[in-house]
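Listing of target-v5.cif, mmCIF, C-alpha atoms
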```
data_run
loop_
_atom_site.label_atom_id
_atom_site.label_comp_id
_atom_site.auth_asym_id
_atom_site.auth_seq_id
_atom_site.Cartn_x
_atom_site.Cartn_y
_atom_site.Cartn_z
CA MET A 58 0.00 0.00 0.00
CA ILE A 59 1.04 3.60 -0.55
CA ASP A 60 1.85 4.24 3.13
CA ARG A 61 5.11 2.29 2.96
CA PHE A 62 6.55 4.93 0.62
CA LEU A 63 5.57 7.88 2.82
CA ALA A 64 7.44 7.22 6.05
CA GLY A 65 10.18 9.77 5.33
CA GLU A 66 7.89 12.70 4.53
CA ASP A 67 7.93 15.95 6.48
CA TRP A 68 4.46 15.95 8.05
CA GLU A 69 4.64 19.49 9.42
CA GLU A 70 4.73 21.32 6.09
CA PRO A 71 2.71 20.23 3.04
CA PRO A 72 4.62 19.27 -0.12
CA ALA A 73 4.59 21.47 -3.19
CA ALA A 74 2.66 18.74 -5.03
CA MET A 75 -0.39 19.60 -2.92
CA ALA A 76 -0.81 22.90 -4.80
CA PHE A 77 -1.79 22.20 -8.40
CA ALA A 78 -4.42 22.77 -11.05
CA ALA A 79 -5.24 20.03 -13.56
CA SER A 80 -8.17 18.68 -15.51
CA TYR A 81 -9.95 15.62 -14.17
CA GLY A 82 -8.92 13.63 -17.23
CA SER A 83 -5.24 14.45 -16.76
CA ILE A 84 -5.43 13.57 -13.05
CA LEU A 85 -6.76 10.13 -13.99
CA GLU A 86 -3.90 9.71 -16.47
CA GLU A 87 -1.25 10.80 -13.99
CA ALA A 88 -2.66 8.57 -11.26
CA SER A 89 -2.52 5.60 -13.62
CA SER A 90 1.18 6.24 -14.29
CA LEU A 91 2.00 6.75 -10.61
CA VAL A 92 0.12 3.64 -9.44
CA ALA A 93 1.84 1.51 -12.07
CA GLU A 94 5.28 2.87 -11.22
CA LEU A 95 4.94 2.49 -7.46
CA ARG A 96 3.30 -0.92 -7.69
CA GLY A 97 6.30 -2.17 -9.60
CA ARG A 98 8.75 -1.23 -6.86
CA GLY A 99 10.23 -4.04 -4.86
CA ALA A 100 10.98 -4.19 -1.16
CA GLN A 101 13.98 -1.90 -1.71
CA ASP A 102 12.59 1.57 -2.38
CA ALA A 103 14.22 3.51 -5.17
CA PRO A 104 15.32 7.16 -4.90
CA GLY A 105 12.38 9.43 -5.61
CA ASP A 106 9.72 6.93 -4.55
CA ALA A 107 8.61 9.14 -1.66
CA GLY A 108 8.08 12.07 -4.03
CA LEU A 109 6.04 9.94 -6.42
CA ALA A 110 3.98 8.54 -3.56
CA ALA A 111 3.32 11.98 -2.07
CA ARG A 112 2.17 13.17 -5.48
CA LEU A 113 -0.26 10.26 -5.79
CA TYR A 114 -1.34 10.68 -2.16
CA VAL A 115 -2.40 14.33 -2.50
CA ARG A 116 -3.82 14.16 -6.03
CA THR A 117 -5.92 11.01 -5.87
CA PRO A 118 -8.54 12.66 -3.59
CA ALA A 119 -9.40 14.99 -6.49
CA LEU A 120 -11.08 11.96 -8.09
CA VAL A 121 -13.61 11.98 -5.24
CA ASN A 122 -13.73 15.74 -4.75
CA VAL A 123 -14.82 16.51 -8.31
CA MET A 124 -17.39 13.71 -8.41
CA LEU A 125 -18.87 14.94 -5.14
CA ASN A 126 -19.18 18.40 -6.70
CA TYR A 127 -20.83 16.86 -9.79
CA LYS A 128 -23.29 14.97 -7.59
CA ILE A 129 -24.14 18.14 -5.64
CA CYS A 130 -24.69 20.10 -8.86
CA VAL A 131 -27.02 17.47 -10.30
CA GLU A 132 -28.97 17.04 -7.07
CA HIS A 133 -29.44 20.77 -6.52
CA ASP A 134 -30.04 21.86 -10.13
CA LEU A 135 -26.78 23.79 -10.39
CA PRO A 136 -24.78 24.26 -13.61
CA LEU A 137 -21.60 22.29 -14.30
CA HIS A 138 -18.86 24.85 -14.80
CA PRO A 139 -15.34 23.77 -15.86
CA THR A 140 -13.67 25.57 -12.94
CA VAL A 141 -16.32 26.85 -10.51
CA TYR A 142 -17.77 25.20 -7.41
CA TYR A 143 -21.21 26.79 -7.07
CA GLU A 144 -22.64 27.38 -3.61
CA LEU A 145 -26.03 25.92 -2.73
CA ALA A 146 -27.37 29.41 -2.10
CA GLU A 147 -27.11 29.95 -5.85
CA ALA A 148 -29.46 27.08 -6.66
CA ARG A 149 -32.49 29.39 -6.69
CA ARG A 150 -30.82 31.41 -9.44
CA TYR A 151 -30.44 28.50 -11.86
CA ARG A 152 -32.96 25.71 -11.14
CA ILE A 153 -31.77 23.49 -13.99
CA GLU A 154 -34.10 20.54 -14.42
CA ARG A 155 -32.23 17.25 -14.70
CA PRO A 156 -33.65 13.80 -15.57
CA ILE A 157 -33.73 11.08 -12.92
CA ASP A 158 -31.23 8.92 -14.82
CA GLU A 159 -28.64 11.70 -14.55
CA LEU A 160 -29.22 11.85 -10.81
CA GLU A 161 -28.73 8.11 -10.54
CA ARG A 162 -25.59 8.25 -12.68
CA ALA A 163 -24.08 11.07 -10.62
CA ASN A 164 -24.54 9.16 -7.37
CA ARG A 165 -23.24 5.92 -8.85
CA LEU A 166 -20.13 7.60 -10.24
CA PHE A 167 -19.53 9.35 -6.93
CA ARG A 168 -19.56 6.01 -5.07
CA GLU A 169 -17.34 4.46 -7.73
CA SER A 170 -14.85 7.31 -7.37
CA ILE A 171 -14.45 6.49 -3.67
CA GLU A 172 -13.68 2.86 -4.45
CA LEU A 173 -11.31 3.87 -7.25
CA ALA A 174 -9.40 6.23 -4.95
CA ARG A 175 -9.10 3.58 -2.24
CA ALA A 176 -7.81 1.10 -4.83
CA ALA A 177 -5.20 3.66 -5.93
CA TYR A 178 -3.90 3.89 -2.35
CA ARG A 179 -3.72 0.09 -2.27
CA LEU A 180 -1.74 0.20 -5.54
CA GLU A 181 -4.23 -2.35 -6.78
CA PRO A 182 -3.26 -4.65 -9.66
CA ASP A 183 -4.98 -3.61 -12.89
CA TRP A 184 -5.90 -0.23 -11.40
CA GLU A 185 -5.20 1.33 -14.75
CA LEU A 186 -7.89 -0.83 -16.37
CA ALA A 187 -10.39 0.11 -13.67
CA ALA A 188 -9.54 3.80 -14.14
CA ALA A 189 -9.98 3.52 -17.91
CA ALA A 190 -13.37 1.84 -17.47
CA PHE A 191 -14.41 4.53 -15.00
CA ARG A 192 -13.26 7.25 -17.39
CA SER A 193 -15.35 5.75 -20.21
CA ARG A 194 -18.51 6.23 -18.12
CA LEU A 195 -17.89 9.90 -17.30
CA PRO A 196 -19.75 12.78 -18.92
CA PRO A 197 -17.35 14.76 -21.17
CA GLU A 198 -17.71 17.89 -19.06
CA ILE A 199 -16.29 16.04 -16.04
CA LEU A 200 -13.08 15.14 -17.89
CA SER A 201 -12.46 18.82 -18.65
CA PHE A 202 -13.28 20.07 -15.14
CA VAL A 203 -10.19 21.78 -13.70
CA TYR A 204 -9.50 20.82 -10.10
CA THR A 205 -7.39 23.24 -8.06
CA GLY A 206 -5.63 22.08 -4.91
CA GLY A 207 -3.92 24.30 -2.36
CA LEU A 208 -1.40 23.94 0.44
CA ASP A 209 -3.23 23.06 3.65
CA LYS A 210 -0.91 22.33 6.53
CA TYR A 211 -3.60 21.06 8.88
CA THR A 212 -5.05 18.60 6.38
CA TRP A 213 -1.49 17.50 5.57
CA ARG A 214 -0.61 17.00 9.25
CA ALA A 215 -3.80 15.00 9.70
CA SER A 216 -2.87 12.84 6.69
CA GLU A 217 0.25 11.29 8.23
CA PRO A 218 -0.20 7.51 7.88
CA ALA A 219 1.34 6.78 11.29
CA ARG A 220 -1.22 9.06 12.98
CA ILE A 221 -4.09 7.57 11.00
CA ALA A 222 -2.89 4.06 11.86
CA ALA A 223 -2.78 5.04 15.55
CA LEU A 224 -6.32 6.38 15.30
CA ALA A 225 -7.50 3.17 13.64
CA ALA A 226 -5.87 1.09 16.39
CA ALA A 227 -7.58 3.16 19.10
CA VAL A 228 -10.95 2.79 17.37
CA ARG A 229 -10.59 -0.98 17.01
CA LYS A 230 -9.87 -1.39 20.74
CA ALA A 231 -13.10 0.29 21.85
CA PHE A 232 -15.51 0.33 18.94
CA HIS A 233 -16.34 -1.77 15.90
CA PRO A 234 -17.80 0.53 13.25
CA GLU A 235 -19.37 -0.99 10.16
CA LEU A 236 -19.16 2.24 8.18
CA LEU A 237 -16.96 5.36 8.07
CA VAL A 238 -18.77 8.61 7.22
CA ALA A 239 -16.44 11.56 6.67
CA ALA A 240 -16.95 15.30 6.24
CA ALA A 241 -15.73 16.43 2.83
CA HIS A 242 -13.73 17.99 1.43
CA GLY A 243 -10.92 18.23 3.97
CA SER A 244 -11.18 14.68 5.25
CA ILE A 245 -10.85 12.94 1.88
CA ILE A 246 -7.11 12.13 2.07
CA PRO A 247 -7.05 10.74 5.63
CA GLY A 248 -10.56 9.31 5.27
CA LEU A 249 -9.48 7.10 2.37
CA LEU A 250 -6.55 5.72 4.35
CA LEU A 251 -8.50 5.34 7.61
CA ALA A 252 -11.15 3.27 5.82
CA GLU A 253 -8.40 1.02 4.48
CA TYR A 254 -6.89 0.54 7.95
CA LEU A 255 -10.31 -0.23 9.43
CA GLY A 256 -11.36 -2.38 6.47
CA ILE A 257 -14.86 -0.88 6.25
CA PRO A 258 -17.00 0.94 3.66
CA LEU A 259 -16.52 4.68 3.31
CA TYR A 260 -18.91 7.48 2.41
CA PHE A 261 -18.41 11.24 2.19
CA ILE A 262 -20.96 13.91 3.02
CA ARG A 263 -20.12 17.45 1.97
CA PHE A 264 -19.76 19.79 4.91
CA SER A 265 -17.27 22.57 4.39
CA MET A 266 -18.02 25.47 6.73
CA PHE A 267 -14.97 27.55 5.90
CA LYS A 268 -14.13 26.85 2.27
CA ARG A 269 -17.69 26.36 0.93
CA GLN A 270 -19.66 28.26 3.61
CA ASP A 271 -21.94 25.29 4.30
CA GLU A 272 -24.14 25.89 7.34
CA THR A 273 -25.13 22.25 7.70
CA PRO A 274 -24.00 18.93 6.18
CA ILE A 275 -25.38 18.55 2.64
CA VAL A 276 -27.43 15.35 2.96
CA SER A 277 -29.52 14.57 -0.11
CA ILE A 278 -32.33 12.05 -0.55
CA ALA A 279 -29.85 9.82 -2.38
CA ASP A 280 -27.47 10.02 0.60
CA GLU A 281 -30.34 9.15 2.95
CA ALA A 282 -31.24 6.14 0.82
CA TRP A 283 -27.66 4.84 0.69
CA LEU A 284 -27.00 5.35 4.40
CA ALA A 285 -30.29 3.61 5.30
CA ALA A 286 -28.59 0.23 4.86
CA TRP A 287 -26.67 0.95 8.09
CA ARG A 288 -29.62 2.22 10.12
CA GLN A 289 -29.34 -0.74 12.48
CA GLY A 290 -25.55 -0.66 12.40
CA SER A 291 -22.63 1.36 13.73
CA ALA A 292 -20.79 4.27 12.15
CA LEU A 293 -17.66 6.28 12.82
CA LEU A 294 -18.23 9.98 12.05
CA PHE A 295 -14.97 11.60 11.00
CA ASP A 296 -13.32 14.94 10.31
CA GLU A 297 -9.57 15.16 9.84
CA ASP A 298 -8.81 17.97 12.29
CA VAL A 299 -10.77 19.68 15.03
CA ALA A 300 -9.77 23.31 15.62
CA LYS A 301 -12.79 25.06 17.10
CA GLY A 302 -14.82 21.86 16.90
CA THR A 303 -17.86 23.36 15.21
CA THR A 304 -17.66 21.28 12.03
CA LEU A 305 -17.44 17.88 13.70
CA GLU A 306 -19.98 18.89 16.34
CA ARG A 307 -22.59 19.81 13.73
CA PHE A 308 -21.65 16.87 11.53
CA THR A 309 -22.15 14.45 14.43
CA ARG A 310 -25.40 16.06 15.53
CA CYS A 311 -26.81 15.81 12.00
CA LEU A 312 -25.83 12.20 11.32
CA GLN A 313 -25.72 10.31 14.61
CA ASP A 314 -29.45 9.48 14.72
CA ARG A 315 -29.19 7.71 11.36
CA PHE A 316 -27.37 4.81 13.03
CA ALA A 317 -28.06 2.54 15.96
CA GLU A 318 -24.64 3.42 17.32
CA SER A 319 -22.03 6.00 16.37
CA ARG A 320 -18.80 7.54 17.62
CA SER A 321 -16.85 10.61 16.50
CA ALA A 322 -13.18 10.76 15.51
CA CYS A 323 -10.46 13.05 14.20
CA VAL A 324 -6.74 12.66 13.57
CA ILE A 325 -5.67 15.87 15.31
CA ARG A 326 -7.54 18.00 17.84
CA HIS A 327 -6.72 21.44 19.15
CA ALA A 328 -6.55 21.45 22.93
CA GLY A 329 -8.97 24.37 23.07
CA ALA A 330 -11.63 22.81 20.82
CA SER A 331 -15.23 23.04 22.01
CA ILE A 332 -15.74 19.28 21.71
CA ARG A 333 -13.71 16.20 22.50
CA PRO A 334 -14.26 13.50 19.88
CA ASP A 335 -14.44 9.92 21.10
CA PHE A 336 -11.18 9.23 19.30
CA ALA A 337 -8.23 11.45 18.37
CA ALA A 338 -4.68 10.50 17.43
CA ARG A 339 -2.97 13.72 18.55
CA VAL A 340 -3.75 16.85 20.57
CA TRP A 341 -1.97 20.00 19.33
CA TRP A 342 -1.63 23.60 20.51
CA ASP A 343 -0.52 25.89 17.66
#
```
Would you mind writing the file out in structure tokens?
Amino acid sequence: MIDRFLAGEDWEEPPAAMAFAASYGSILEEASSLVAELRGRGAQDAPGDAGLAARLYVRTPALVNVMLNYKICVEHDLPLHPTVYYELAEARRYRIERPIDELERANRLFRESIELARAAYRLEPDWELAAAAFRSRLPPEILSFVYTGGLDKYTWRASEPARIAALAAAVRKAFHPELLVAAAHGSIIPGLLLAEYLGIPLYFIRFSMFKRQDETPIVSIADEAWLAAWRQGSALLFDEDVAKGTTLERFTRCLQDRFAESRSACVIRHAGASIRPDFAARVWWD
């Protein structure tokens, strides 16, 4: 898995590869090359492997991020712009009517993107074939959508595999979740790896209070229907870092009643946060 190539990274400052702009189609192509190259490495890592792995690590989540945006646009009658993430408040301005089959396709492709991203982190055999098949099912406008990533030191710090592994170990000792539900977009990188360590299904709900100005988690009817399969089960509700604590607090409050049992978790928590999640890998002060 990708984590074995990342041990030597500096986890205090994000790598330059985290800041980039690229079309969705080119991200798929680059990921295919990186997965193939890293998968072919033997037990003895070659010079430059860490850089290649970090590049794959920070760019793969764009596969999920863009498909989540596509799903949101289709569900809320928003236009699909090649570079713009529209806010839900703008839905009243557009009200684009979309057929039910497009809604179904958007949700299916979103779920497939999560599985594809997880498989990339596993350096799955034949990942390139799976990526090509996924690409063939995408609407043309998705392939040309330009994703822009920025340097985010807190998301990067919360993405350290050793910390995520420690969080997974703590969860397994006290709780046995059947599903991981994570707040997107910030939690996508660590959420993908945490789901792999826990060996459970993963789902993302958009809730971005600071970057997207969401007031509440964006839970659609399609999300409700998919999550209903776990109504009698247990879920781990996750955000990568807790600074003030507002995001995870609202996320937990919104989703906890949809499961028979749930717990909250983060990778890093500020000591002055308003809430204390059930699980946290590290408490920080700066």
Tell me which of A:Gly243, A:Thr309, A:Arg339, A:Ile278 sits closest to Gly206 (chain A), counting all atoms listed in the file. A:Gly243
Counting all atoms listed in the file, which residues of region 191-261 of chain A sit at most 9 Å from some atom of region 62-72 of chain A, and what is each one's closest atom pair with its distance in Å to one decimal, listed by chain and rising residue number, as a Markdown table?
```
| residue | atom | partner | partner_atom | distance |
| --- | --- | --- | --- | --- |
| A:Leu208 | CA | A:Pro71 | CA | 6.1 |
| A:Asp209 | CA | A:Pro71 | CA | 6.6 |
| A:Lys210 | CA | A:Pro71 | CA | 5.4 |
| A:Tyr211 | CA | A:Glu69 | CA | 8.4 |
| A:Thr212 | CA | A:Pro71 | CA | 8.6 |
| A:Trp213 | CA | A:Pro71 | CA | 5.6 |
| A:Arg214 | CA | A:Trp68 | CA | 5.3 |
| A:Ala215 | CA | A:Trp68 | CA | 8.5 |
| A:Ser216 | CA | A:Trp68 | CA | 8.1 |
| A:Glu217 | CA | A:Trp68 | CA | 6.3 |
| A:Pro218 | CA | A:Leu63 | CA | 7.7 |
| A:Ala219 | CA | A:Ala64 | CA | 8.1 |
```
For this file, the PyMOL selection byres ((chain A and resi 197) around 12) selects which residues, as a PyMOL selection string? chain A and resi 80-82+137+139+192-196+198-202
For this structure, which residues satisfy the selection - the PyMOL selection byres ((chain A and resi 183) around 12) - when it is evaluated on the file as given? I want them as an MDAnalysis selection string. chainID A and resid 89:90 92:93 96:97 173 176:177 179:182 184:190
Shell around region 237-240 of chain A at 10 Å using all atoms listed in the file, local window under 4 positions removed, as a PyMOL selection string: chain A and resi 244-245+247-249+251-252+255-265+274-275+284+291-297+304-305+308-309+312+319-323
So, counting only C-alpha atoms, which residue among A:Leu113, A:Leu166, A:Asp158, A:Lys301 is closest to Tyr127 (chain A)? A:Leu166
Interatomic distance (Å, one decimal) between CA of Glu159 (chain A) and CA of Lys128 (chain A):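 Computing the Euclidean distance for CA of Glu159 (chain A) and CA of Lys128 (chain A) yields 9.4 Å.
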If we count all atoms listed in the file and set the cut-off at 8 Å, which residues sit around Val131 (chain A), ignoring sequence neighbours fewer than 4 positions away in its own chain? Please answer as a short mmCIF file (atom, residue, chain, number, x, y, z; two decimals) with C-alpha atoms, in the frame of the given file.
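Here's the written file out20.cif:
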```cif
data_model
loop_
_atom_site.label_atom_id
_atom_site.label_comp_id
_atom_site.auth_asym_id
_atom_site.auth_seq_id
_atom_site.Cartn_x
_atom_site.Cartn_y
_atom_site.Cartn_z
CA TYR A 127 -20.83 16.86 -9.79
CA LEU A 135 -26.78 23.79 -10.39
CA PRO A 136 -24.78 24.26 -13.61
CA ARG A 155 -32.23 17.25 -14.70
CA GLU A 159 -28.64 11.70 -14.55
CA LEU A 160 -29.22 11.85 -10.81
CA ALA A 163 -24.08 11.07 -10.62
#
```
Chain and number of each residue from the PyMOL selection byres ((chain A and resi 338) around 7), as an mmCIF file with C-alpha atoms, in the coordinates of the input:
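Saved result, expr17.cif, follows:
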```cif
data_model
loop_
_atom_site.group_PDB
_atom_site.id
_atom_site.type_symbol
_atom_site.label_atom_id
_atom_site.label_comp_id
_atom_site.auth_asym_id
_atom_site.auth_seq_id
_atom_site.Cartn_x
_atom_site.Cartn_y
_atom_site.Cartn_z
ATOM 1 C CA ARG A 220 -1.220 9.060 12.980
ATOM 2 C CA ALA A 223 -2.780 5.040 15.550
ATOM 3 C CA LEU A 224 -6.320 6.380 15.300
ATOM 4 C CA VAL A 324 -6.740 12.660 13.570
ATOM 5 C CA ILE A 325 -5.670 15.870 15.310
ATOM 6 C CA PHE A 336 -11.180 9.230 19.300
ATOM 7 C CA ALA A 337 -8.230 11.450 18.370
ATOM 8 C CA ARG A 339 -2.970 13.720 18.550
#
```
Interatomic distance, CA of Thr273 (chain A) to CA of Val228 (chain A) (Å, one decimal):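 Rounded to one decimal, the two atoms are 25.9 Å apart.
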What is the CA of Asn122 (chain A)-CA of His242 (chain A) distance in Å, reported with one decimal?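 Separating CA of Asn122 (chain A) from CA of His242 (chain A) is a distance of 6.6 Å.
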Need the shell around Gly290 (chain A): protein/DNA/RNA residues with any atom at most 9 Å away, counting all atoms listed in the file. Skip same-chain ones fewer than 5 positions apart. Format as a list in words? Pro234, Glu235, Leu236, Phe316, Ala317, Glu318 and Ser319 of chain A
Between A:Gln313, A:Asn164, A:Asn126, A:Thr117, which has the minimum distance to Ala241 (chain A) (counting only C-alpha atoms)?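 Nearest candidate to Ala241 (chain A) out of A:Gln313, A:Asn164, A:Asn126, A:Thr117: A:Asn126.
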Step by step, gather every atom of region 183-190 of chain A that the file lists, find the box along x, y and z that holds them, add 4 Å on each side, and finally give centre and edge lengths in Å to one decimal, as JSON.
```
{"center_x": -9.2, "center_y": 0.1, "center_z": -14.7, "size_x": 16.4, "size_y": 15.4, "size_z": 14.5}
```
Shell around Arg112 (chain A) at 9 Å using all atoms listed in the file, local window under 2 positions removed, as number ranges by chain: A: 72-75, 88, 91, 107-110, 114-117
